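**Student:** Just dropping this structure here.
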Amino acid sequence: MRSLSQPMKSALGIVLVVLCLGVFGAAVDSSQAGTPSPILVELFTSEGCSSCPPADLLLTKLDSLQPVAGAQTIVLSEHVDYWNHDGWTDPYSSSSFTARQNAYEERFKVNGPYTPQIVVDGSAQVNGSDGQATVHAIEVAKSDPRVSVRIGSFSMQGPKTVRVHLKVDALPESLGVRKADIFVAVALDHAESHVLKGENKGRDIKHVAVVLALNKVGTLEKRDSFERDVDVKLPNAPDPSNLRLVAFVQKPDFGQVLGASLTPAEGNKREAETK
């Protein structure tokens with residue numbers, strides 16, 4: 001496995017973040033009316049990769065600042081496992097996220113997986129530390145037609161199972177798509193690690209929207225809507241108040257994302273309402 005560039009120094013990471021914040025400020029100023037278009041932003045990252053902390057911070061800023069007018073940026077942090085051999089086992093890593101990234105690499109004809117990598121709406125991939133390229137990709141994606149996806153509710157069914165009530169509208173004729181896959185991601189709203197070994201030894205790393213489970217839960221057929229309860233099994237028992245759920249519709253074979261929705265845990269909803 002390879003990294004896109006040589007490990008970045010801490011100072012360079014800070015400069016990149018500052019530059020990204022400047023891009024965000026410019027994007028926020030160009031506000032527009034209307035309902036924001038949900039855009040899925042997936043970050044493939046690892047705590048074993050010294051180039052990744054600036055990308056983790058970028059994802060946090062995308063989530064909190066919502067920099068692109070007319071877009072609701074819905075983020076997911078997917079931790080790959082191919083850095084685990086370098087001395088630090090990322091506690092959030094999974095081979096399933098590595099497999100998902102590999103499928104994207106085949107589509108985008110990228111010469112092997114790398115971290116950090118951002119995939120925007122299944123349609124574009126960029127260096128995960130490149131805030132300007134990420135914002136541009138979100139700007140491009142926000143004008144695409146969308147399928148309405150709604151998370152009616154979710155609840156814990158025991159310590160390791162989340163039940164989600166999903167409603168997804170039928171595929172519109174304008175998309176020219178016969179069927180699409182429906183996914184549900186259960187993620188930690190926020191997480192933090194003190195890395196003891198590897199390239200990030202001694203660093204405290206913060207994450208947002210760390211995916212615990214990402215499951216295909218159904219198929220959307222042309223002219224047919226989808227509504228049902230689905231259960232998602234988790235690898236461990238998380239704090240329910242520190243969860244967020246993301247549901248999205250994607251063309252088969254890891255294609256374009258056609259619609260998405262986000263809902264936080266009840267505790268996080270109440271916190272957001274008081275701010």
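Residues in the structure tokens are named by chain (A, B, ... in the order shown) and by number from 1 within that chain; ligands are numbered from 1 in the order shown.
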Excluding range 154-161 of chain A and residues on its chain fewer than 6 positions from it, collect all residues at most 9 Å away from it, counting only C-alpha atoms, and give them as a list in words.

**Tutor:** Asp229, Asp231, Val232, Lys233, Leu234, Pro235, Asn236, Ala237, Pro238, Asp239, Pro240, Leu245, Thr263 and Ala265 of chain A

**Student:** Please produce a file of those selected residues containing N, CA and C atoms, as a PDB file, in the first residue's frame.

**Tutor:**
```
ATOM      1  N   ASP A 229     -38.401  -0.991   8.662  1.00  0.00           N
ATOM      2  CA  ASP A 229     -37.421  -0.998   9.738  1.00  0.00           C
ATOM      3  C   ASP A 229     -36.276  -1.920   9.356  1.00  0.00           C
ATOM      4  N   ASP A 231     -32.362  -3.440  10.837  1.00  0.00           N
ATOM      5  CA  ASP A 231     -31.466  -3.570  11.981  1.00  0.00           C
ATOM      6  C   ASP A 231     -30.015  -3.589  11.505  1.00  0.00           C
ATOM      7  N   VAL A 232     -29.165  -2.844  12.223  1.00  0.00           N
ATOM      8  CA  VAL A 232     -27.732  -2.797  11.921  1.00  0.00           C
ATOM      9  C   VAL A 232     -26.973  -3.308  13.140  1.00  0.00           C
ATOM     10  N   LYS A 233     -26.190  -4.364  12.950  1.00  0.00           N
ATOM     11  CA  LYS A 233     -25.383  -4.934  14.029  1.00  0.00           C
ATOM     12  C   LYS A 233     -24.067  -4.175  14.142  1.00  0.00           C
ATOM     13  N   LEU A 234     -23.664  -3.897  15.371  1.00  0.00           N
ATOM     14  CA  LEU A 234     -22.434  -3.155  15.630  1.00  0.00           C
ATOM     15  C   LEU A 234     -21.361  -4.085  16.206  1.00  0.00           C
ATOM     16  N   PRO A 235     -20.083  -3.760  15.987  1.00  0.00           N
ATOM     17  CA  PRO A 235     -19.010  -4.621  16.493  1.00  0.00           C
ATOM     18  C   PRO A 235     -18.833  -4.541  17.997  1.00  0.00           C
ATOM     19  N   ASN A 236     -19.300  -3.452  18.613  1.00  0.00           N
ATOM     20  CA  ASN A 236     -19.209  -3.319  20.064  1.00  0.00           C
ATOM     21  C   ASN A 236     -20.392  -2.494  20.546  1.00  0.00           C
ATOM     22  N   ALA A 237     -20.457  -2.275  21.846  1.00  0.00           N
ATOM     23  CA  ALA A 237     -21.579  -1.551  22.441  1.00  0.00           C
ATOM     24  C   ALA A 237     -21.199  -0.094  22.657  1.00  0.00           C
ATOM     25  N   PRO A 238     -21.644   0.816  21.795  1.00  0.00           N
ATOM     26  CA  PRO A 238     -21.264   2.224  21.926  1.00  0.00           C
ATOM     27  C   PRO A 238     -22.166   2.967  22.906  1.00  0.00           C
ATOM     28  N   ASP A 239     -21.788   4.186  23.235  1.00  0.00           N
ATOM     29  CA  ASP A 239     -22.655   5.086  23.989  1.00  0.00           C
ATOM     30  C   ASP A 239     -23.740   5.586  23.029  1.00  0.00           C
ATOM     31  N   PRO A 240     -25.014   5.259  23.251  1.00  0.00           N
ATOM     32  CA  PRO A 240     -26.061   5.657  22.301  1.00  0.00           C
ATOM     33  C   PRO A 240     -26.156   7.164  22.091  1.00  0.00           C
ATOM     34  N   LEU A 245     -26.563   8.640  12.588  1.00  0.00           N
ATOM     35  CA  LEU A 245     -26.915   7.707  11.523  1.00  0.00           C
ATOM     36  C   LEU A 245     -26.942   8.433  10.192  1.00  0.00           C
ATOM     37  N   THR A 263     -29.116  11.861  10.699  1.00  0.00           N
ATOM     38  CA  THR A 263     -29.794  12.193  11.949  1.00  0.00           C
ATOM     39  C   THR A 263     -28.867  11.860  13.115  1.00  0.00           C
ATOM     40  N   ALA A 265     -28.026  11.240  17.346  1.00  0.00           N
ATOM     41  CA  ALA A 265     -28.708  10.629  18.489  1.00  0.00           C
ATOM     42  C   ALA A 265     -29.547  11.673  19.205  1.00  0.00           C
TER      43      ALA A 265
END
```

**Student:** Output as a PDB file with N, CA and C atoms, in the first residue's frame all residues of range 45-166 of chain A that backbone DSSP marks as helix (DSSP H, G or I).

**Tutor:**
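Listing of result09.pdb after writing:
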```
ATOM      1  N   CYS A  52      -2.661  11.861   7.825  1.00  0.00           N
ATOM      2  CA  CYS A  52      -4.110  11.851   8.010  1.00  0.00           C
ATOM      3  C   CYS A  52      -4.671  12.870   9.011  1.00  0.00           C
ATOM      4  N   PRO A  53      -3.988  13.226  10.093  1.00  0.00           N
ATOM      5  CA  PRO A  53      -4.603  14.171  11.039  1.00  0.00           C
ATOM      6  C   PRO A  53      -5.106  15.474  10.419  1.00  0.00           C
ATOM      7  N   PRO A  54      -4.375  16.109   9.469  1.00  0.00           N
ATOM      8  CA  PRO A  54      -4.950  17.307   8.843  1.00  0.00           C
ATOM      9  C   PRO A  54      -6.252  17.013   8.101  1.00  0.00           C
ATOM     10  N   ALA A  55      -6.350  15.827   7.495  1.00  0.00           N
ATOM     11  CA  ALA A  55      -7.587  15.444   6.800  1.00  0.00           C
ATOM     12  C   ALA A  55      -8.714  15.195   7.789  1.00  0.00           C
ATOM     13  N   ASP A  56      -8.387  14.595   8.947  1.00  0.00           N
ATOM     14  CA  ASP A  56      -9.402  14.406   9.996  1.00  0.00           C
ATOM     15  C   ASP A  56      -9.947  15.751  10.440  1.00  0.00           C
ATOM     16  N   LEU A  57      -9.058  16.736  10.581  1.00  0.00           N
ATOM     17  CA  LEU A  57      -9.488  18.076  10.981  1.00  0.00           C
ATOM     18  C   LEU A  57     -10.321  18.733   9.883  1.00  0.00           C
ATOM     19  N   LEU A  58      -9.927  18.528   8.637  1.00  0.00           N
ATOM     20  CA  LEU A  58     -10.703  19.064   7.522  1.00  0.00           C
ATOM     21  C   LEU A  58     -12.122  18.512   7.537  1.00  0.00           C
ATOM     22  N   LEU A  59     -12.263  17.213   7.777  1.00  0.00           N
ATOM     23  CA  LEU A  59     -13.595  16.602   7.816  1.00  0.00           C
ATOM     24  C   LEU A  59     -14.436  17.210   8.935  1.00  0.00           C
ATOM     25  N   THR A  60     -13.809  17.464  10.086  1.00  0.00           N
ATOM     26  CA  THR A  60     -14.505  18.100  11.198  1.00  0.00           C
ATOM     27  C   THR A  60     -15.011  19.482  10.808  1.00  0.00           C
ATOM     28  N   LYS A  61     -14.183  20.248  10.095  1.00  0.00           N
ATOM     29  CA  LYS A  61     -14.589  21.584   9.660  1.00  0.00           C
ATOM     30  C   LYS A  61     -15.720  21.520   8.636  1.00  0.00           C
ATOM     31  N   LEU A  62     -15.640  20.565   7.710  1.00  0.00           N
ATOM     32  CA  LEU A  62     -16.732  20.393   6.753  1.00  0.00           C
ATOM     33  C   LEU A  62     -18.046  20.105   7.465  1.00  0.00           C
ATOM     34  N   ASP A  63     -17.966  19.290   8.509  1.00  0.00           N
ATOM     35  CA  ASP A  63     -19.153  18.905   9.262  1.00  0.00           C
ATOM     36  C   ASP A  63     -19.722  20.075  10.054  1.00  0.00           C
ATOM     37  N   SER A  64     -18.867  20.830  10.724  1.00  0.00           N
ATOM     38  CA  SER A  64     -19.357  21.871  11.630  1.00  0.00           C
ATOM     39  C   SER A  64     -19.660  23.188  10.924  1.00  0.00           C
ATOM     40  N   LEU A  65     -18.868  23.542   9.911  1.00  0.00           N
ATOM     41  CA  LEU A  65     -19.032  24.841   9.261  1.00  0.00           C
ATOM     42  C   LEU A  65     -19.996  24.809   8.078  1.00  0.00           C
ATOM     43  N   ASN A  84      -2.236  -0.879   9.804  1.00  0.00           N
ATOM     44  CA  ASN A  84      -2.107  -1.473  11.139  1.00  0.00           C
ATOM     45  C   ASN A  84      -0.793  -2.210  11.359  1.00  0.00           C
ATOM     46  N   HIS A  85      -0.108  -2.575  10.287  1.00  0.00           N
ATOM     47  CA  HIS A  85       1.144  -3.326  10.433  1.00  0.00           C
ATOM     48  C   HIS A  85       2.317  -2.439  10.820  1.00  0.00           C
ATOM     49  N   ASP A  86       2.117  -1.114  10.840  1.00  0.00           N
ATOM     50  CA  ASP A  86       3.230  -0.203  11.117  1.00  0.00           C
ATOM     51  C   ASP A  86       3.394   0.144  12.596  1.00  0.00           C
ATOM     52  N   SER A  95     -11.529  -4.076   7.722  1.00  0.00           N
ATOM     53  CA  SER A  95     -11.238  -4.532   6.368  1.00  0.00           C
ATOM     54  C   SER A  95     -12.379  -4.188   5.409  1.00  0.00           C
ATOM     55  N   SER A  96     -13.589  -4.025   5.942  1.00  0.00           N
ATOM     56  CA  SER A  96     -14.725  -3.690   5.076  1.00  0.00           C
ATOM     57  C   SER A  96     -14.574  -2.284   4.484  1.00  0.00           C
ATOM     58  N   PHE A  97     -13.981  -1.369   5.241  1.00  0.00           N
ATOM     59  CA  PHE A  97     -13.751  -0.021   4.712  1.00  0.00           C
ATOM     60  C   PHE A  97     -12.617  -0.032   3.677  1.00  0.00           C
ATOM     61  N   THR A  98     -11.612  -0.883   3.913  1.00  0.00           N
ATOM     62  CA  THR A  98     -10.558  -1.059   2.916  1.00  0.00           C
ATOM     63  C   THR A  98     -11.147  -1.609   1.621  1.00  0.00           C
ATOM     64  N   ALA A  99     -12.061  -2.571   1.743  1.00  0.00           N
ATOM     65  CA  ALA A  99     -12.694  -3.148   0.555  1.00  0.00           C
ATOM     66  C   ALA A  99     -13.521  -2.100  -0.187  1.00  0.00           C
ATOM     67  N   ARG A 100     -14.217  -1.243   0.551  1.00  0.00           N
ATOM     68  CA  ARG A 100     -14.999  -0.187  -0.086  1.00  0.00           C
ATOM     69  C   ARG A 100     -14.076   0.785  -0.819  1.00  0.00           C
ATOM     70  N   GLN A 101     -12.970   1.155  -0.190  1.00  0.00           N
ATOM     71  CA  GLN A 101     -12.026   2.043  -0.856  1.00  0.00           C
ATOM     72  C   GLN A 101     -11.449   1.387  -2.113  1.00  0.00           C
ATOM     73  N   ASN A 102     -11.116   0.109  -2.031  1.00  0.00           N
ATOM     74  CA  ASN A 102     -10.571  -0.591  -3.191  1.00  0.00           C
ATOM     75  C   ASN A 102     -11.559  -0.583  -4.356  1.00  0.00           C
ATOM     76  N   ALA A 103     -12.845  -0.723  -4.043  1.00  0.00           N
ATOM     77  CA  ALA A 103     -13.867  -0.690  -5.102  1.00  0.00           C
ATOM     78  C   ALA A 103     -13.907   0.685  -5.758  1.00  0.00           C
ATOM     79  N   TYR A 104     -13.768   1.737  -4.956  1.00  0.00           N
ATOM     80  CA  TYR A 104     -13.704   3.086  -5.529  1.00  0.00           C
ATOM     81  C   TYR A 104     -12.467   3.244  -6.407  1.00  0.00           C
ATOM     82  N   GLU A 105     -11.333   2.700  -5.976  1.00  0.00           N
ATOM     83  CA  GLU A 105     -10.102   2.855  -6.745  1.00  0.00           C
ATOM     84  C   GLU A 105     -10.255   2.241  -8.137  1.00  0.00           C
ATOM     85  N   GLU A 106     -10.954   1.107  -8.212  1.00  0.00           N
ATOM     86  CA  GLU A 106     -11.190   0.484  -9.511  1.00  0.00           C
ATOM     87  C   GLU A 106     -12.038   1.390 -10.389  1.00  0.00           C
ATOM     88  N   ARG A 107     -13.062   2.006  -9.805  1.00  0.00           N
ATOM     89  CA  ARG A 107     -13.929   2.907 -10.576  1.00  0.00           C
ATOM     90  C   ARG A 107     -13.173   4.136 -11.058  1.00  0.00           C
ATOM     91  N   PHE A 108     -12.383   4.721 -10.158  1.00  0.00           N
ATOM     92  CA  PHE A 108     -11.672   5.949 -10.500  1.00  0.00           C
ATOM     93  C   PHE A 108     -10.344   5.700 -11.215  1.00  0.00           C
ATOM     94  N   GLY A 131      -8.514  20.947   0.925  1.00  0.00           N
ATOM     95  CA  GLY A 131      -9.799  21.581   1.192  1.00  0.00           C
ATOM     96  C   GLY A 131     -10.399  22.238  -0.029  1.00  0.00           C
ATOM     97  N   GLN A 132      -9.568  22.883  -0.850  1.00  0.00           N
ATOM     98  CA  GLN A 132     -10.072  23.585  -2.026  1.00  0.00           C
ATOM     99  C   GLN A 132     -10.682  22.601  -3.019  1.00  0.00           C
ATOM    100  N   ALA A 133     -10.002  21.478  -3.282  1.00  0.00           N
ATOM    101  CA  ALA A 133     -10.521  20.481  -4.215  1.00  0.00           C
ATOM    102  C   ALA A 133     -11.800  19.845  -3.676  1.00  0.00           C
ATOM    103  N   THR A 134     -11.857  19.637  -2.361  1.00  0.00           N
ATOM    104  CA  THR A 134     -13.047  19.042  -1.757  1.00  0.00           C
ATOM    105  C   THR A 134     -14.247  19.965  -1.896  1.00  0.00           C
ATOM    106  N   VAL A 135     -14.058  21.241  -1.576  1.00  0.00           N
ATOM    107  CA  VAL A 135     -15.144  22.216  -1.695  1.00  0.00           C
ATOM    108  C   VAL A 135     -15.619  22.305  -3.141  1.00  0.00           C
ATOM    109  N   HIS A 136     -14.677  22.286  -4.084  1.00  0.00           N
ATOM    110  CA  HIS A 136     -15.052  22.342  -5.506  1.00  0.00           C
ATOM    111  C   HIS A 136     -15.901  21.135  -5.886  1.00  0.00           C
ATOM    112  N   ALA A 137     -15.506  19.951  -5.426  1.00  0.00           N
ATOM    113  CA  ALA A 137     -16.263  18.739  -5.749  1.00  0.00           C
ATOM    114  C   ALA A 137     -17.672  18.798  -5.161  1.00  0.00           C
ATOM    115  N   ILE A 138     -17.815  19.362  -3.959  1.00  0.00           N
ATOM    116  CA  ILE A 138     -19.146  19.516  -3.360  1.00  0.00           C
ATOM    117  C   ILE A 138     -19.976  20.501  -4.178  1.00  0.00           C
ATOM    118  N   GLU A 139     -19.354  21.600  -4.598  1.00  0.00           N
ATOM    119  CA  GLU A 139     -20.041  22.590  -5.433  1.00  0.00           C
ATOM    120  C   GLU A 139     -20.576  21.942  -6.713  1.00  0.00           C
ATOM    121  N   VAL A 140     -19.767  21.114  -7.347  1.00  0.00           N
ATOM    122  CA  VAL A 140     -20.172  20.449  -8.584  1.00  0.00           C
ATOM    123  C   VAL A 140     -21.322  19.481  -8.318  1.00  0.00           C
ATOM    124  N   ALA A 141     -21.245  18.723  -7.216  1.00  0.00           N
ATOM    125  CA  ALA A 141     -22.227  17.672  -6.943  1.00  0.00           C
ATOM    126  C   ALA A 141     -23.585  18.211  -6.527  1.00  0.00           C
TER     127      ALA A 141
END
```

**Student:** For Ser50 in chain A, which residue out of A:Ser153, A:Ser148, A:Ser129, A:Ser225 is the nearest one, using only C-alpha atoms?

**Tutor:**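 Residue with the minimum atom-to-atom distance to Ser50 in chain A: A:Ser129.
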
**Student:** Of the candidates A:Leu171, A:Val41, A:Ala69, A:Arg223, which one gets nearest to Arg146 in chain A if we count only C-alpha atoms?

**Tutor:**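 Nearest to Arg146 in chain A: A:Leu171.
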
**Student:** Considering only C-alpha atoms, give me a table of residues in range 203-262 of chain A that are at most 6 Å from range 176-195 of chain A, with the closest atom pair and distance in Å for each, as a tab-separated table.

**Tutor:**
```
residue	atom	partner	partner_atom	distance
A:Arg203	CA	A:Val195	CA	5.5
A:Asp204	CA	A:His194	CA	4.5
A:Ile205	CA	A:Ser193	CA	5.3
A:Lys206	CA	A:Glu192	CA	4.4
A:His207	CA	A:Ala191	CA	5.1
A:Val208	CA	A:His190	CA	4.4
A:Ala209	CA	A:Asp189	CA	4.8
A:Val210	CA	A:Ala187	CA	4.9
A:Val211	CA	A:Ala187	CA	4.0
A:Leu212	CA	A:Ala187	CA	5.2
A:Ala213	CA	A:Val186	CA	5.4
A:Leu214	CA	A:Ala185	CA	4.3
A:Asn215	CA	A:Phe183	CA	5.5
A:Lys216	CA	A:Phe183	CA	4.3
A:Val217	CA	A:Phe183	CA	5.6
A:Gly218	CA	A:Ile182	CA	5.1
A:Thr219	CA	A:Asp181	CA	4.7
A:Leu220	CA	A:Ala180	CA	5.1
A:Glu221	CA	A:Lys179	CA	4.5
A:Lys222	CA	A:Arg178	CA	4.9
A:Asn242	CA	A:Asp189	CA	5.2
A:Leu243	CA	A:Leu188	CA	4.6
A:Arg244	CA	A:Ala187	CA	5.4
A:Leu245	CA	A:Val186	CA	4.9
A:Val246	CA	A:Ala185	CA	5.1
A:Ala247	CA	A:Val184	CA	4.4
A:Phe248	CA	A:Phe183	CA	5.4
A:Val249	CA	A:Ile182	CA	4.6
A:Gln250	CA	A:Asp181	CA	5.2
A:Lys251	CA	A:Ala180	CA	4.7
A:Pro252	CA	A:Ala180	CA	5.6
```

**Student:** For N, CA and C atoms, I'd like the residues from the last selection saved as a short mmCIF file (atom, residue, chain, number, x, y, z; two decimals), in the first residue's frame.

**Tutor:**
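So the final result, stored in selection-v3.cif, reads:
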```cif
data_model
loop_
_atom_site.label_atom_id
_atom_site.label_comp_id
_atom_site.auth_asym_id
_atom_site.auth_seq_id
_atom_site.Cartn_x
_atom_site.Cartn_y
_atom_site.Cartn_z
N ARG A 203 0.71 11.53 19.54
CA ARG A 203 -0.27 12.52 19.12
C ARG A 203 -1.67 12.18 19.64
N ASP A 204 -2.43 13.22 19.95
CA ASP A 204 -3.85 13.09 20.24
C ASP A 204 -4.61 13.43 18.97
N ILE A 205 -5.42 12.51 18.50
CA ILE A 205 -6.13 12.68 17.24
C ILE A 205 -7.64 12.67 17.50
N LYS A 206 -8.32 13.65 16.94
CA LYS A 206 -9.77 13.74 17.08
C LYS A 206 -10.43 13.38 15.76
N HIS A 207 -11.58 12.72 15.87
CA HIS A 207 -12.33 12.28 14.70
C HIS A 207 -13.79 12.71 14.81
N VAL A 208 -14.45 12.75 13.68
CA VAL A 208 -15.88 13.01 13.63
C VAL A 208 -16.52 11.95 12.72
N ALA A 209 -17.74 11.55 13.06
CA ALA A 209 -18.52 10.61 12.23
C ALA A 209 -17.75 9.34 11.90
N VAL A 210 -17.18 8.71 12.93
CA VAL A 210 -16.38 7.50 12.75
C VAL A 210 -17.30 6.31 12.54
N VAL A 211 -17.25 5.70 11.37
CA VAL A 211 -18.19 4.64 11.02
C VAL A 211 -17.87 3.37 11.81
N LEU A 212 -18.89 2.86 12.49
CA LEU A 212 -18.79 1.57 13.18
C LEU A 212 -19.28 0.44 12.29
N ALA A 213 -20.34 0.71 11.54
CA ALA A 213 -20.92 -0.29 10.64
C ALA A 213 -21.52 0.43 9.44
N LEU A 214 -21.31 -0.14 8.26
CA LEU A 214 -21.86 0.41 7.02
C LEU A 214 -22.43 -0.77 6.24
N ASN A 215 -23.77 -0.85 6.21
CA ASN A 215 -24.44 -2.03 5.65
C ASN A 215 -25.36 -1.67 4.50
N LYS A 216 -25.35 -2.51 3.48
CA LYS A 216 -26.40 -2.43 2.47
C LYS A 216 -27.66 -3.05 3.07
N VAL A 217 -28.77 -2.31 3.07
CA VAL A 217 -29.99 -2.78 3.74
C VAL A 217 -31.14 -3.01 2.78
N GLY A 218 -30.94 -2.72 1.50
CA GLY A 218 -32.03 -2.93 0.55
C GLY A 218 -31.66 -2.44 -0.83
N THR A 219 -32.59 -2.66 -1.75
CA THR A 219 -32.43 -2.21 -3.13
C THR A 219 -33.65 -1.40 -3.52
N LEU A 220 -33.39 -0.28 -4.15
CA LEU A 220 -34.47 0.59 -4.62
C LEU A 220 -34.70 0.29 -6.09
N GLU A 221 -35.92 -0.16 -6.41
CA GLU A 221 -36.27 -0.48 -7.79
C GLU A 221 -36.97 0.70 -8.44
N LYS A 222 -36.87 0.77 -9.75
CA LYS A 222 -37.52 1.84 -10.50
C LYS A 222 -39.03 1.82 -10.24
N ASN A 242 -23.76 9.11 21.70
CA ASN A 242 -22.64 9.55 20.86
C ASN A 242 -22.70 8.91 19.48
N LEU A 243 -23.92 8.73 18.98
CA LEU A 243 -24.09 8.12 17.66
C LEU A 243 -24.74 9.10 16.69
N ARG A 244 -24.44 8.90 15.44
CA ARG A 244 -25.21 9.54 14.36
C ARG A 244 -25.47 8.47 13.31
N LEU A 245 -26.56 8.64 12.59
CA LEU A 245 -26.91 7.71 11.52
C LEU A 245 -26.94 8.43 10.19
N VAL A 246 -26.44 7.76 9.18
CA VAL A 246 -26.48 8.27 7.82
C VAL A 246 -27.06 7.18 6.93
N ALA A 247 -28.06 7.54 6.15
CA ALA A 247 -28.62 6.64 5.15
C ALA A 247 -28.40 7.26 3.78
N PHE A 248 -28.07 6.43 2.80
CA PHE A 248 -27.86 6.98 1.47
C PHE A 248 -28.19 5.95 0.40
N VAL A 249 -28.48 6.47 -0.79
CA VAL A 249 -28.79 5.65 -1.96
C VAL A 249 -27.66 5.83 -2.95
N GLN A 250 -27.16 4.71 -3.49
CA GLN A 250 -26.00 4.75 -4.36
C GLN A 250 -26.21 3.84 -5.56
N LYS A 251 -25.77 4.29 -6.72
CA LYS A 251 -25.83 3.44 -7.90
C LYS A 251 -25.04 2.16 -7.64
N PRO A 252 -25.44 1.05 -8.27
CA PRO A 252 -24.71 -0.21 -8.05
C PRO A 252 -23.23 -0.10 -8.38
#
```

**Student:** For the atom pair CA of Leu258 in chain A and CA of Tyr92 in chain A, what is the interatomic distance in Å to one decimal place?

**Tutor:**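 Taking CA of Leu258 in chain A and CA of Tyr92 in chain A, their separation equals 26.9 Å.
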
**Student:** Set the distance at 6 Å and use only C-alpha atoms: which residues neighbour Val120 in chain A once local chain neighbours fewer than 3 positions away are removed? I'd like the list as a VMD selection string.

**Tutor:** chain A and resid 40 to 41 123 to 124

**Student:** Could you give me the residues within range 148-178 of chain A that DSSP places in strand (DSSP E or B), as a list in words?

**Tutor:**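 Here is the list: Val149, Arg150, Ile151, Gly152, Ser153, Phe154, Ser155, Met156, Thr161, Val162, Arg163, Val164, His165, Leu166, Lys167, Val168 and Leu171 of chain A.
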